[in-house]
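Asks: I am sharing target_9.cif, which consists of mmCIF, C-alpha atoms:
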```cif
data_data
#
loop_
_atom_site.label_atom_id
_atom_site.label_comp_id
_atom_site.auth_asym_id
_atom_site.auth_seq_id
_atom_site.Cartn_x
_atom_site.Cartn_y
_atom_site.Cartn_z
CA MET R 21 177.50 88.31 -79.53
CA SER R 22 178.51 84.65 -79.55
CA THR R 23 179.98 83.30 -82.76
CA ILE R 24 179.10 79.95 -84.29
CA PRO R 25 181.96 78.04 -85.95
CA THR R 26 181.28 77.07 -89.54
CA LEU R 27 181.17 73.47 -90.66
CA GLU R 28 184.39 74.10 -92.56
CA GLU R 29 186.09 75.32 -89.40
CA LEU R 30 184.83 72.29 -87.49
CA ASP R 31 185.92 69.92 -90.25
CA ALA R 32 189.41 71.39 -90.07
CA LEU R 33 189.62 70.19 -86.45
CA GLY R 34 189.04 66.58 -87.52
CA ARG R 35 185.93 64.59 -88.45
CA VAL R 36 185.83 62.02 -85.65
CA GLN R 37 182.92 59.51 -85.79
CA GLN R 38 181.28 61.35 -88.70
CA PRO R 39 179.41 59.89 -91.69
CA THR R 40 180.89 59.90 -95.17
CA PHE R 41 178.40 61.37 -97.60
CA ARG R 42 179.31 60.52 -101.18
CA ASP R 43 177.22 63.34 -102.69
CA PRO R 44 178.47 66.73 -101.40
CA ALA R 45 175.61 68.56 -103.12
CA ALA R 46 172.99 66.44 -101.34
CA ARG R 47 174.79 66.95 -98.04
CA ASP R 48 174.90 70.73 -98.55
CA ALA R 49 171.22 70.80 -99.52
CA ALA R 50 170.21 68.94 -96.35
CA VAL R 51 172.31 71.25 -94.17
CA SER R 52 170.87 74.33 -95.88
CA ARG R 53 167.35 73.07 -95.29
CA LEU R 54 168.09 72.44 -91.59
CA ARG R 55 169.27 76.05 -91.26
CA THR R 56 165.78 77.25 -92.19
CA MET R 57 163.83 74.94 -89.88
CA PRO R 58 162.19 76.32 -86.72
CA PRO R 59 163.87 75.56 -83.38
CA LEU R 60 162.92 72.30 -81.70
CA VAL R 61 163.48 73.85 -78.26
CA PHE R 62 163.71 77.40 -77.01
CA ALA R 63 166.53 79.24 -75.30
CA GLY R 64 164.41 80.01 -72.24
CA GLU R 65 163.71 76.30 -71.75
CA CYS R 66 167.43 75.57 -71.93
CA ASP R 67 168.09 78.28 -69.34
CA ALA R 68 165.45 76.77 -67.05
CA LEU R 69 167.21 73.41 -67.26
CA THR R 70 170.53 75.09 -66.49
CA ASP R 71 168.98 76.47 -63.31
CA LYS R 72 167.74 72.99 -62.36
CA MET R 73 171.16 71.47 -63.08
CA ALA R 74 172.69 74.15 -60.84
CA ALA R 75 170.56 72.72 -58.02
CA VAL R 76 171.93 69.27 -58.88
CA ALA R 77 175.50 70.62 -58.71
CA ARG R 78 174.76 72.16 -55.30
CA GLY R 79 173.40 68.88 -53.95
CA GLU R 80 169.81 70.11 -53.82
CA ALA R 81 168.34 67.92 -56.59
CA PHE R 82 168.95 64.65 -58.43
CA LEU R 83 169.07 64.06 -62.19
CA LEU R 84 167.19 61.18 -63.77
CA GLN R 85 168.22 60.93 -67.42
CA GLY R 86 167.15 57.97 -69.53
CA GLY R 87 165.84 56.58 -72.77
CA ASP R 88 166.80 54.52 -75.77
CA CYS R 89 170.34 53.67 -76.71
CA ALA R 90 169.43 54.80 -80.23
CA GLU R 91 166.01 55.99 -81.32
CA THR R 92 164.57 54.75 -84.60
CA PHE R 93 162.23 56.42 -87.05
CA GLU R 94 159.92 53.43 -86.75
CA GLY R 95 159.72 54.03 -83.00
CA VAL R 96 158.11 57.47 -83.33
CA THR R 97 154.66 56.42 -82.18
CA ALA R 98 152.41 57.66 -79.41
CA GLU R 99 152.60 54.30 -77.67
CA ASN R 100 156.39 54.15 -77.72
CA VAL R 101 156.85 57.72 -76.46
CA ARG R 102 154.18 57.19 -73.78
CA ASN R 103 155.86 53.99 -72.57
CA LYS R 104 159.23 55.72 -72.18
CA LEU R 105 157.62 58.61 -70.33
CA ARG R 106 155.70 56.16 -68.16
CA VAL R 107 158.82 54.45 -66.89
CA LEU R 108 160.71 57.73 -66.35
CA LEU R 109 157.77 59.29 -64.48
CA SER R 110 157.37 56.15 -62.36
CA MET R 111 161.08 56.14 -61.51
CA ALA R 112 160.96 59.86 -60.66
CA VAL R 113 158.01 59.35 -58.29
CA VAL R 114 159.85 56.54 -56.49
CA LEU R 115 163.01 58.64 -56.16
CA THR R 116 161.18 61.77 -55.04
CA TYR R 117 158.99 60.01 -52.48
CA ALA R 118 161.52 57.58 -51.04
CA ALA R 119 164.50 59.94 -50.98
CA SER R 120 162.71 63.28 -50.42
CA VAL R 121 164.74 65.01 -53.09
CA PRO R 122 163.55 66.96 -56.17
CA VAL R 123 164.18 65.00 -59.38
CA VAL R 124 165.15 66.70 -62.64
CA LYS R 125 163.63 64.65 -65.46
CA VAL R 126 165.53 64.51 -68.76
CA GLY R 127 164.72 62.11 -71.57
CA ARG R 128 167.33 60.57 -73.78
CA LEU R 129 165.00 61.21 -76.71
CA ALA R 130 163.97 63.48 -79.59
CA GLY R 131 167.42 63.45 -81.19
CA GLN R 132 169.27 60.31 -80.10
CA TYR R 133 169.36 58.87 -83.63
CA ALA R 134 173.13 58.51 -84.15
CA LYS R 135 175.71 56.29 -82.48
CA PRO R 136 179.51 56.27 -82.51
CA ARG R 137 180.98 52.93 -83.55
CA SER R 138 184.25 51.16 -82.80
CA SER R 139 184.61 50.15 -86.46
CA ASP R 140 183.60 51.84 -89.70
CA SER R 141 182.58 48.53 -91.26
CA GLU R 142 180.83 45.26 -90.47
CA THR R 143 181.50 41.86 -92.05
CA ARG R 144 178.98 39.03 -92.32
CA ASP R 145 179.60 35.80 -94.23
CA GLY R 146 182.49 37.35 -96.10
CA VAL R 147 180.54 40.49 -97.07
CA THR R 148 181.78 43.83 -95.70
CA LEU R 149 179.50 46.89 -95.54
CA PRO R 150 179.53 50.18 -93.64
CA ALA R 151 178.59 49.83 -89.97
CA TYR R 152 175.12 50.90 -88.86
CA ARG R 153 175.54 54.34 -87.29
CA GLY R 154 171.94 54.94 -86.33
CA ASP R 155 168.90 55.96 -88.36
CA ALA R 156 170.34 59.48 -88.67
CA VAL R 157 173.02 58.09 -91.00
CA ASN R 158 171.97 54.78 -92.56
CA GLY R 159 169.64 51.80 -92.24
CA PHE R 160 170.02 48.70 -90.10
CA ASP R 161 169.36 46.16 -92.88
CA PHE R 162 172.56 44.52 -94.06
CA THR R 163 172.38 45.61 -97.70
CA PRO R 164 174.53 48.05 -99.69
CA GLU R 165 171.50 50.28 -100.25
CA ALA R 166 170.50 50.45 -96.57
CA ARG R 167 174.04 50.99 -95.31
CA GLU R 168 174.75 53.91 -97.65
CA HIS R 169 175.25 57.16 -95.68
CA ASP R 170 172.29 59.35 -96.66
CA PRO R 171 172.23 63.08 -95.76
CA ASN R 172 168.46 63.24 -96.28
CA ARG R 173 168.15 61.24 -93.07
CA LEU R 174 169.25 64.37 -91.19
CA LEU R 175 165.95 65.98 -92.20
CA GLU R 176 164.09 62.87 -91.08
CA VAL R 177 165.79 63.19 -87.69
CA TYR R 178 164.51 66.75 -87.38
CA HIS R 179 160.90 65.79 -88.21
CA ALA R 180 160.98 62.68 -86.00
CA SER R 181 162.37 64.74 -83.12
CA ALA R 182 159.69 67.39 -83.60
CA ALA R 183 156.97 64.73 -83.47
CA THR R 184 158.50 63.14 -80.36
CA LEU R 185 158.77 66.48 -78.56
CA ASN R 186 155.15 67.30 -79.43
CA LEU R 187 154.04 63.99 -77.95
CA ALA R 188 156.21 64.41 -74.85
CA ARG R 189 154.88 67.91 -74.21
CA ALA R 190 151.30 66.74 -74.66
CA PHE R 191 151.74 63.84 -72.25
CA THR R 192 153.57 65.83 -69.57
CA THR R 193 151.23 68.83 -69.59
CA GLY R 194 147.93 67.35 -70.76
CA GLY R 195 146.98 65.25 -67.76
CA TYR R 196 148.93 62.03 -68.27
CA ALA R 197 151.65 63.13 -65.83
CA ASP R 198 149.15 64.07 -63.10
CA LEU R 199 150.38 62.46 -59.89
CA ARG R 200 146.90 61.05 -59.31
CA GLN R 201 147.39 58.96 -62.45
CA MET R 202 150.43 57.10 -61.18
CA HIS R 203 148.39 53.96 -60.44
CA ALA R 204 147.18 53.87 -64.05
CA TRP R 205 150.72 54.07 -65.44
CA ASN R 206 151.56 50.54 -64.31
CA LYS R 207 148.30 48.67 -63.74
CA ASP R 208 149.41 45.51 -65.52
CA PHE R 209 152.82 45.61 -63.87
CA VAL R 210 151.34 45.94 -60.39
CA ARG R 211 149.15 42.88 -60.89
CA SER R 212 151.96 40.62 -62.06
CA SER R 213 155.12 41.64 -60.20
CA PRO R 214 156.25 41.69 -56.55
CA LEU R 215 158.15 44.87 -57.39
CA GLY R 216 154.91 46.28 -58.78
CA GLN R 217 153.26 45.70 -55.45
CA ARG R 218 156.03 47.70 -53.80
CA TYR R 219 155.40 50.47 -56.31
CA GLU R 220 151.70 50.33 -55.50
CA ALA R 221 152.48 50.76 -51.80
CA VAL R 222 154.31 53.99 -52.62
CA GLY R 223 151.27 55.06 -54.65
CA ALA R 224 148.93 54.35 -51.75
CA ALA R 225 151.04 56.49 -49.44
CA ILE R 226 151.06 59.32 -51.98
CA ASP R 227 147.29 59.04 -52.37
CA LYS R 228 146.92 59.50 -48.64
CA ALA R 229 149.08 62.62 -48.75
CA LEU R 230 147.11 63.98 -51.71
CA ALA R 231 143.82 63.37 -49.91
CA PHE R 232 145.10 65.39 -46.95
CA MET R 233 146.15 68.23 -49.28
CA ASP R 234 142.72 68.20 -50.92
CA ALA R 235 141.08 68.36 -47.51
CA ILE R 236 142.91 71.53 -46.57
CA GLY R 237 142.51 73.14 -49.98
CA ILE R 238 146.03 72.77 -51.41
CA ASP R 239 146.22 71.88 -55.11
CA PRO R 240 149.55 73.03 -56.59
CA GLU R 241 150.12 72.96 -60.35
CA SER R 242 153.18 70.73 -59.85
CA LEU R 243 150.84 67.82 -59.05
CA HIS R 244 149.25 67.96 -62.51
CA ALA R 245 152.18 68.46 -64.88
CA VAL R 246 155.93 67.99 -64.85
CA ASP R 247 158.90 69.80 -66.33
CA PHE R 248 160.43 67.39 -68.81
CA TYR R 249 163.47 68.04 -70.97
CA SER R 250 165.12 66.41 -73.97
CA SER R 251 168.76 65.44 -74.49
CA HIS R 252 170.99 63.57 -76.90
CA GLU R 253 174.63 63.10 -77.81
CA ALA R 254 175.79 65.96 -80.03
CA LEU R 255 177.49 63.64 -82.49
CA LEU R 256 176.66 64.65 -86.07
CA LEU R 257 178.16 68.00 -86.94
CA GLU R 258 175.97 68.39 -90.05
CA TYR R 259 172.93 68.23 -87.77
CA GLU R 260 174.03 70.17 -84.70
CA GLN R 261 175.82 73.07 -86.39
CA PRO R 262 172.91 74.27 -88.61
CA LEU R 263 170.57 74.00 -85.62
CA THR R 264 172.80 76.28 -83.55
CA ARG R 265 171.28 79.76 -83.55
CA ILE R 266 171.84 83.16 -81.93
CA ASP R 267 169.13 84.01 -79.39
CA SER R 268 167.71 87.48 -79.99
CA ARG R 269 167.22 88.09 -76.26
CA THR R 270 170.75 87.47 -75.12
CA ASP R 271 172.91 87.34 -78.28
CA LYS R 272 174.09 83.95 -77.07
CA ALA R 273 174.26 80.84 -79.24
CA TYR R 274 172.01 77.86 -78.44
CA ASP R 275 171.84 74.45 -80.07
CA VAL R 276 168.08 74.35 -80.56
CA SER R 277 168.04 70.62 -81.42
CA SER R 278 167.70 69.75 -77.72
CA HIS R 279 167.63 71.22 -74.23
CA MET R 280 170.78 69.38 -73.12
CA LEU R 281 173.60 67.97 -75.23
CA TRP R 282 176.49 65.75 -74.27
CA ILE R 283 179.87 64.88 -75.74
CA GLY R 284 180.72 61.19 -75.85
CA GLU R 285 183.80 59.35 -74.65
CA ARG R 286 185.01 58.94 -78.24
CA THR R 287 184.61 62.62 -79.22
CA ARG R 288 185.79 64.58 -76.16
CA GLN R 289 189.17 65.58 -77.66
CA LEU R 290 190.03 68.96 -76.16
CA ASP R 291 191.05 70.40 -79.54
CA GLY R 292 188.33 68.52 -81.46
CA ALA R 293 185.26 69.72 -83.30
CA HIS R 294 182.68 68.49 -80.79
CA VAL R 295 184.24 70.24 -77.81
CA GLU R 296 184.73 73.38 -79.90
CA LEU R 297 181.09 73.52 -81.03
CA LEU R 298 179.59 72.92 -77.60
CA SER R 299 182.00 75.40 -76.00
CA ARG R 300 180.17 78.08 -78.02
CA VAL R 301 176.57 77.25 -77.01
CA ALA R 302 174.69 78.27 -73.85
CA ASN R 303 172.79 74.98 -73.36
CA PRO R 304 173.55 72.84 -70.32
CA ILE R 305 176.04 70.26 -71.56
CA GLY R 306 177.55 67.01 -70.39
CA VAL R 307 180.77 65.13 -71.08
CA LYS R 308 181.21 61.37 -70.76
CA LEU R 309 184.33 60.47 -68.76
CA GLY R 310 185.65 56.91 -68.91
CA PRO R 311 188.58 55.00 -67.37
CA THR R 312 191.17 56.73 -69.58
CA THR R 313 190.25 60.18 -68.24
CA THR R 314 192.90 61.86 -66.09
CA PRO R 315 192.18 64.58 -63.51
CA ASP R 316 193.99 67.05 -65.75
CA ASP R 317 191.71 66.04 -68.63
CA ALA R 318 188.69 66.92 -66.49
CA LEU R 319 190.14 70.30 -65.51
CA ALA R 320 191.00 71.13 -69.12
CA LEU R 321 187.53 70.19 -70.35
CA ALA R 322 185.94 72.34 -67.65
CA ALA R 323 188.16 75.29 -68.58
CA LYS R 324 187.19 74.97 -72.24
CA LEU R 325 183.49 74.23 -71.81
CA ASN R 326 182.68 76.32 -68.74
CA PRO R 327 185.32 79.06 -68.45
CA GLU R 328 183.06 81.26 -66.31
CA ASN R 329 182.39 78.33 -63.93
CA THR R 330 178.63 78.81 -64.25
CA PRO R 331 176.66 76.43 -61.99
CA GLY R 332 174.43 74.10 -63.99
CA ARG R 333 176.34 74.58 -67.21
CA LEU R 334 178.57 71.48 -67.06
CA THR R 335 177.85 67.88 -66.05
CA PHE R 336 180.47 65.16 -65.88
CA ILE R 337 178.87 61.81 -66.74
CA THR R 338 181.14 59.01 -65.53
CA ARG R 339 181.18 55.60 -67.25
CA PHE R 340 183.94 53.54 -65.69
CA GLY R 341 182.45 50.07 -65.29
CA ALA R 342 181.62 48.36 -62.01
CA GLY R 343 185.17 47.07 -61.55
CA LYS R 344 186.86 50.45 -62.03
CA ILE R 345 184.54 53.08 -60.55
CA ARG R 346 185.84 52.92 -56.97
CA ASP R 347 189.47 53.40 -57.98
CA GLY R 348 189.08 55.61 -61.03
CA LEU R 349 186.54 58.18 -59.86
CA PRO R 350 188.09 59.57 -56.63
CA PRO R 351 191.10 61.31 -58.26
CA LEU R 352 188.78 63.11 -60.69
CA VAL R 353 186.34 64.28 -58.04
CA GLU R 354 189.11 65.36 -55.67
CA LYS R 355 190.95 67.46 -58.25
CA VAL R 356 187.77 69.04 -59.64
CA ARG R 357 186.62 69.93 -56.13
CA ALA R 358 190.05 71.31 -55.19
CA ALA R 359 189.90 73.58 -58.23
CA GLY R 360 186.55 74.97 -57.03
CA LEU R 361 184.72 73.92 -60.17
CA GLN R 362 180.92 73.97 -60.28
CA VAL R 363 179.95 70.69 -61.94
CA ALA R 364 177.25 68.09 -61.50
CA TRP R 365 178.45 64.48 -61.18
CA VAL R 366 176.24 61.86 -62.84
CA CYS R 367 176.71 58.10 -63.16
CA ASP R 368 176.27 56.24 -66.45
CA PRO R 369 176.34 52.62 -65.22
CA MET R 370 175.59 51.15 -68.63
CA HIS R 371 178.43 51.69 -71.08
CA GLY R 372 181.26 50.34 -68.96
CA ASN R 373 179.45 47.05 -68.31
CA THR R 374 178.67 45.70 -71.78
CA PHE R 375 179.77 42.27 -72.97
CA ALA R 376 178.81 39.61 -75.54
CA THR R 377 177.23 36.32 -74.50
CA GLU R 378 178.15 32.90 -75.82
CA ASN R 379 175.03 32.92 -77.97
CA GLY R 380 176.06 36.17 -79.63
CA TYR R 381 174.01 38.83 -77.84
CA LYS R 382 175.39 42.14 -76.60
CA THR R 383 174.14 42.51 -73.03
CA ARG R 384 174.71 43.79 -69.49
CA GLU R 385 174.32 42.25 -66.07
CA PHE R 386 171.82 44.14 -63.93
CA ASP R 387 174.00 43.42 -60.88
CA ASP R 388 176.94 45.16 -62.58
CA VAL R 389 174.78 48.20 -63.32
CA ILE R 390 173.72 48.40 -59.68
CA ASP R 391 177.27 47.83 -58.45
CA GLU R 392 178.59 50.73 -60.49
CA VAL R 393 175.87 53.02 -59.11
CA ARG R 394 176.68 51.81 -55.61
CA GLY R 395 180.38 52.48 -56.17
CA PHE R 396 179.54 55.95 -57.46
CA PHE R 397 177.60 56.69 -54.27
CA GLU R 398 180.33 55.22 -52.07
CA VAL R 399 182.99 57.46 -53.64
CA HIS R 400 180.93 60.61 -53.19
CA ARG R 401 179.96 59.67 -49.65
CA ALA R 402 183.62 59.17 -48.74
CA LEU R 403 184.63 62.51 -50.28
CA GLY R 404 181.67 64.49 -48.96
CA THR R 405 180.43 65.37 -52.46
CA TRP R 406 177.00 64.94 -54.05
CA PRO R 407 176.16 61.97 -56.31
CA GLY R 408 174.06 64.07 -58.65
CA GLY R 409 172.20 61.58 -60.81
CA VAL R 410 172.02 58.56 -63.08
CA HIS R 411 172.07 58.35 -66.87
CA VAL R 412 170.66 55.06 -68.11
CA GLU R 413 169.62 53.35 -71.31
CA LEU R 414 166.10 52.05 -70.76
CA THR R 415 162.78 51.37 -72.40
CA GLY R 416 159.21 51.29 -71.17
CA ASP R 417 158.70 47.93 -72.85
CA ASP R 418 159.14 44.45 -71.38
CA VAL R 419 162.20 43.58 -73.47
CA THR R 420 164.80 40.95 -72.59
CA GLU R 421 168.12 42.67 -73.28
CA CYS R 422 169.89 42.92 -69.90
CA LEU R 423 170.52 39.90 -67.68
CA GLY R 424 169.30 39.55 -64.11
CA GLY R 425 166.98 41.77 -62.16
CA GLY R 426 163.94 40.57 -60.26
CA ALA R 427 162.88 38.32 -63.15
CA ARG R 428 166.34 36.68 -63.21
CA LEU R 429 166.68 36.96 -66.97
CA SER R 430 169.29 34.52 -68.31
CA GLN R 431 171.22 34.25 -71.57
CA GLU R 432 168.54 31.91 -72.88
CA ASP R 433 165.88 34.59 -72.25
CA LEU R 434 167.59 37.17 -74.46
CA VAL R 435 166.11 35.66 -77.60
CA THR R 436 162.56 36.30 -76.33
CA ARG R 437 162.39 40.08 -76.89
CA TYR R 438 165.80 41.41 -77.89
CA GLU R 439 164.73 44.50 -79.85
CA THR R 440 167.51 47.08 -79.58
CA LEU R 441 169.48 47.91 -82.72
CA CYS R 442 172.57 48.97 -80.76
CA ASP R 443 173.11 48.59 -77.01
CA PRO R 444 170.95 46.61 -74.52
CA ARG R 445 168.46 48.56 -72.41
CA LEU R 446 166.90 48.01 -69.01
CA ASN R 447 163.26 46.98 -69.30
CA ARG R 448 160.42 48.46 -67.28
CA ALA R 449 160.80 46.13 -64.28
CA GLN R 450 164.58 46.53 -64.16
CA SER R 451 164.24 50.33 -64.45
CA LEU R 452 161.83 50.50 -61.51
CA GLU R 453 164.03 48.17 -59.49
CA LEU R 454 166.96 50.48 -60.19
CA ALA R 455 164.86 53.43 -58.99
CA PHE R 456 164.05 51.74 -55.69
CA LEU R 457 167.69 50.81 -55.12
CA VAL R 458 168.93 54.31 -55.98
CA ALA R 459 166.29 55.79 -53.67
CA GLU R 460 167.66 53.65 -50.84
CA MET R 461 171.19 54.89 -51.61
CA LEU R 462 169.98 58.50 -51.61
CA ALA R 463 168.21 57.97 -48.30
CA GLU R 464 171.42 56.53 -46.82
CA ARG R 465 173.37 59.46 -48.28
CA SER R 466 171.09 62.04 -46.63
#
```
The structure in this file should be written as structure tokens.

Replies:
Amino acid sequence: MSTIPTLEELDALGRVQQPTFRDPAARDAAVSRLRTMPPLVFAGECDALTDKMAAVARGEAFLLQGGDCAETFEGVTAENVRNKLRVLLSMAVVLTYAASVPVVKVGRLAGQYAKPRSSDSETRDGVTLPAYRGDAVNGFDFTPEAREHDPNRLLEVYHASAATLNLARAFTTGGYADLRQMHAWNKDFVRSSPLGQRYEAVGAAIDKALAFMDAIGIDPESLHAVDFYSSHEALLLEYEQPLTRIDSRTDKAYDVSSHMLWIGERTRQLDGAHVELLSRVANPIGVKLGPTTTPDDALALAAKLNPENTPGRLTFITRFGAGKIRDGLPPLVEKVRAAGLQVAWVCDPMHGNTFATENGYKTREFDDVIDEVRGFFEVHRALGTWPGGVHVELTGDDVTECLGGGARLSQEDLVTRYETLCDPRLNRAQSLELAFLVAEMLAERS
């Protein structure tokens, strides 16, 4: 039987990027309540995703993973969840059709309520308060009351995640994800955008193929529903540890807060609490690797997190930045391959390309995002390995948070609809443009 480390054992390894709860009794009460809550996902679903990620590692499928930088409690609405699913489903259709490769669809949702921060505090006009660490920890409003670290928010995360998963399951199995509905997903977009017209052309070609299948009596279930999985960064120990349970079928431990979890760049210490906890669970897991990662770091993480070298278990999510990907990634891939390790390689082209504008907005250049993805593909093409997927921060709404793209958003446009509480996200048009460009890279790769 797997063993689950206690919170005390994890705390002894160091509390990196963790909240400071002033009331230990309230913290313990919230943790105890989480221990009694039903699982948000099931072990069999996690195993199914591991099998799909094994196909990604073998070069037989491609991972599309995306969603908000940080979810908010206010954002748990049917419209918001539908819009995120809409853009992910649209991207997946483009990738599948244009590149002829199965796409594994994983949302960055139903648990992505906490964010690591570079500083514990924030100062405005001479007033210093705790930094906003996501709705799981404190509020965004710049007041002492809102910025207090509140353990009761952990229970709100659970309930918000349950509601989001219920909505996602309803949309993906209840008819909304039917391939025949793909025109309806983006009607307004198709009317107003040249890129939308390109999307519509893909839809017309798919319609023709579906009509042929209907004519010869083929109607597979996969046309009417999709397999969709949840993921988030396993950041808050007081949330992840009590939701880690022993599966009665296998006696293995699973973190039932999400199908897939990942460890961030700031919390991937080999002897740290986050690596220790996720080394004990059977979920598919990812690790963010940035420019400071050495090949030996990658090997050591693989040995700790996937000692049996199980395909589909471990994904390396690289986040180098457009200017560093072509030089920094090859040594990692070469050494991991030489060691015979079974890992999926996925590109996060967002976090290494963030900067602040002169008018004070945190943003990203769409061209930098694309360039990092292109560099990721170039490296794998040169080494004969598989570029397994992309991990992006995006929204289904028409926000103005990232510069460039087909609409040529400028710094002056950011003020129009800058809605993120943390990092800037690709909007719907930029997300679809990314999908078309990645599809072209996949077609070149094959």

Asks: Excluding same-chain residues fewer than 6 positions from R:Ala402, what lies within 12 Å of it counting all atoms listed in the file, as a VMD selection string?

Replies: chain R and resid 346 349 to 350 353 to 354 395 to 396 465

Asks: Convert the output of the PyMOL selection byres ((chain R and resi 76) around 12) on the shown file into explicit residues, formatted as an mmCIF file with C-alpha atoms, keeping the file's coordinate frame.

Replies:
```
data_model
loop_
_atom_site.group_PDB
_atom_site.id
_atom_site.type_symbol
_atom_site.label_atom_id
_atom_site.label_comp_id
_atom_site.auth_asym_id
_atom_site.auth_seq_id
_atom_site.Cartn_x
_atom_site.Cartn_y
_atom_site.Cartn_z
ATOM 1 C CA LEU R 69 167.210 73.410 -67.260
ATOM 2 C CA THR R 70 170.530 75.090 -66.490
ATOM 3 C CA ASP R 71 168.980 76.470 -63.310
ATOM 4 C CA LYS R 72 167.740 72.990 -62.360
ATOM 5 C CA MET R 73 171.160 71.470 -63.080
ATOM 6 C CA ALA R 74 172.690 74.150 -60.840
ATOM 7 C CA ALA R 75 170.560 72.720 -58.020
ATOM 8 C CA ALA R 77 175.500 70.620 -58.710
ATOM 9 C CA ARG R 78 174.760 72.160 -55.300
ATOM 10 C CA GLY R 79 173.400 68.880 -53.950
ATOM 11 C CA GLU R 80 169.810 70.110 -53.820
ATOM 12 C CA ALA R 81 168.340 67.920 -56.590
ATOM 13 C CA PHE R 82 168.950 64.650 -58.430
ATOM 14 C CA LEU R 83 169.070 64.060 -62.190
ATOM 15 C CA LEU R 84 167.190 61.180 -63.770
ATOM 16 C CA VAL R 121 164.740 65.010 -53.090
ATOM 17 C CA PRO R 122 163.550 66.960 -56.170
ATOM 18 C CA VAL R 123 164.180 65.000 -59.380
ATOM 19 C CA VAL R 124 165.150 66.700 -62.640
ATOM 20 C CA LYS R 125 163.630 64.650 -65.460
ATOM 21 C CA PRO R 331 176.660 76.430 -61.990
ATOM 22 C CA GLY R 332 174.430 74.100 -63.990
ATOM 23 C CA ARG R 333 176.340 74.580 -67.210
ATOM 24 C CA LEU R 334 178.570 71.480 -67.060
ATOM 25 C CA THR R 335 177.850 67.880 -66.050
ATOM 26 C CA PHE R 336 180.470 65.160 -65.880
ATOM 27 C CA GLN R 362 180.920 73.970 -60.280
ATOM 28 C CA VAL R 363 179.950 70.690 -61.940
ATOM 29 C CA ALA R 364 177.250 68.090 -61.500
ATOM 30 C CA TRP R 365 178.450 64.480 -61.180
ATOM 31 C CA VAL R 366 176.240 61.860 -62.840
ATOM 32 C CA THR R 405 180.430 65.370 -52.460
ATOM 33 C CA TRP R 406 177.000 64.940 -54.050
ATOM 34 C CA PRO R 407 176.160 61.970 -56.310
ATOM 35 C CA GLY R 408 174.060 64.070 -58.650
ATOM 36 C CA GLY R 409 172.200 61.580 -60.810
ATOM 37 C CA VAL R 410 172.020 58.560 -63.080
#
```

Asks: Name every residue that the PyMOL selection byres ((chain R and resi 368) around 7) selects in this structure, writing the answer as number ranges by chain with chains first and numbers rising.

Replies: R: 337-339, 366-367, 369-371, 410-412

Asks: Can you tell me, as a list in words, what residues are no more than 8 Å from R:Arg200 when counting all atoms listed in the file, ignoring any on the same chain fewer than 2 positions away?

Replies: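 Here the qualifying residues turn out to be Asp198, Met202, His203, Asp227, Leu243 and His244 of chain R.
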
Asks: List every residue of stretch 226-278 of chain R that has an atom at most 10 Å from any atom of stretch 105-115 of chain R, giving for each one its closest atom pair and the distance in Å to one decimal, counting all atoms listed in the file, sorted by chain and then by ascending residue number, as JSON lines.

Replies:
```
{"residue": "R:Ile226", "atom": "CA", "partner": "R:Val113", "partner_atom": "CA", "distance": 9.4}
{"residue": "R:Val246", "atom": "CA", "partner": "R:Leu109", "partner_atom": "CA", "distance": 8.9}
{"residue": "R:Phe248", "atom": "CA", "partner": "R:Leu105", "partner_atom": "CA", "distance": 9.3}
```

Asks: Can you pull out the residues contacting R:Asn379? Cut-off 8 Å, using all atoms listed in the file, and skip same-chain residues under 2 positions away; I want them as a PyMOL selection string.

Replies: chain R and resi 377+381+431

Asks: What does the file look like for those residues with C-alpha atoms, as a PDB file, in the coordinates of the input?

Replies:
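The file below, out_35.pdb, is the result:
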```pdb
ATOM      1  CA  THR R 377     177.230  36.320 -74.500  1.00  0.00           C
ATOM      2  CA  TYR R 381     174.010  38.830 -77.840  1.00  0.00           C
ATOM      3  CA  GLN R 431     171.220  34.250 -71.570  1.00  0.00           C
TER       4      GLN R 431
END
```

Asks: Determine the nearest neighbour of R:Asn172 from the options R:Leu429, R:Cys89, R:Ala119, R:Ala46, counting all atoms listed in the file.

Replies: R:Ala46

Asks: Identify the residues within 12 Å of coordinate (166.5, 77.3, -77.3) (same frame as the file), considering only C-alpha atoms, and give the answer as a ChimeraX atom specification.

Replies: /R:58-70,249-250,263-281,301-304

Asks: Ranking R:Asp140, R:Glu176, R:Glu168, R:Asp31 by minimum distance to R:Glu296 and counting only C-alpha atoms, which one comes first?

Replies: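 Going through R:Asp140, R:Glu176, R:Glu168, R:Asp31 one by one, the smallest distance to R:Glu296 is for R:Asp31.
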
Asks: Running the PyMOL selection byres ((chain R and resi 183) around 12) on this model by hand, what would come out? Give it as number ranges by chain.

Replies: R: 60, 93, 95-98, 101, 129-131, 176-182, 184-190

Asks: R:Thr116, R:Ser299, R:Asn103, R:Gln132: which is nearest R:Lys324, counting all atoms listed in the file?

Replies: R:Ser299

Asks: Please, what distance in Å, to one decimal, runs between atom CA of R:Ala449 and atom CA of R:Arg153?

Replies: 28.5 Å

Asks: Rounded to one decimal, what separation in Å do you get between atom CA of R:Arg102 and atom CA of R:Leu54?

Replies: 27.3 Å

Asks: Quick one: residues within 12 Å of R:Leu321, only C-alpha atoms, excluding same-chain residues fewer than 4 positions away - as number ranges by chain?

Replies: R: 283, 288-292, 294-296, 298-299, 305-309, 313-317, 325-327, 329, 334-336, 356, 361, 363
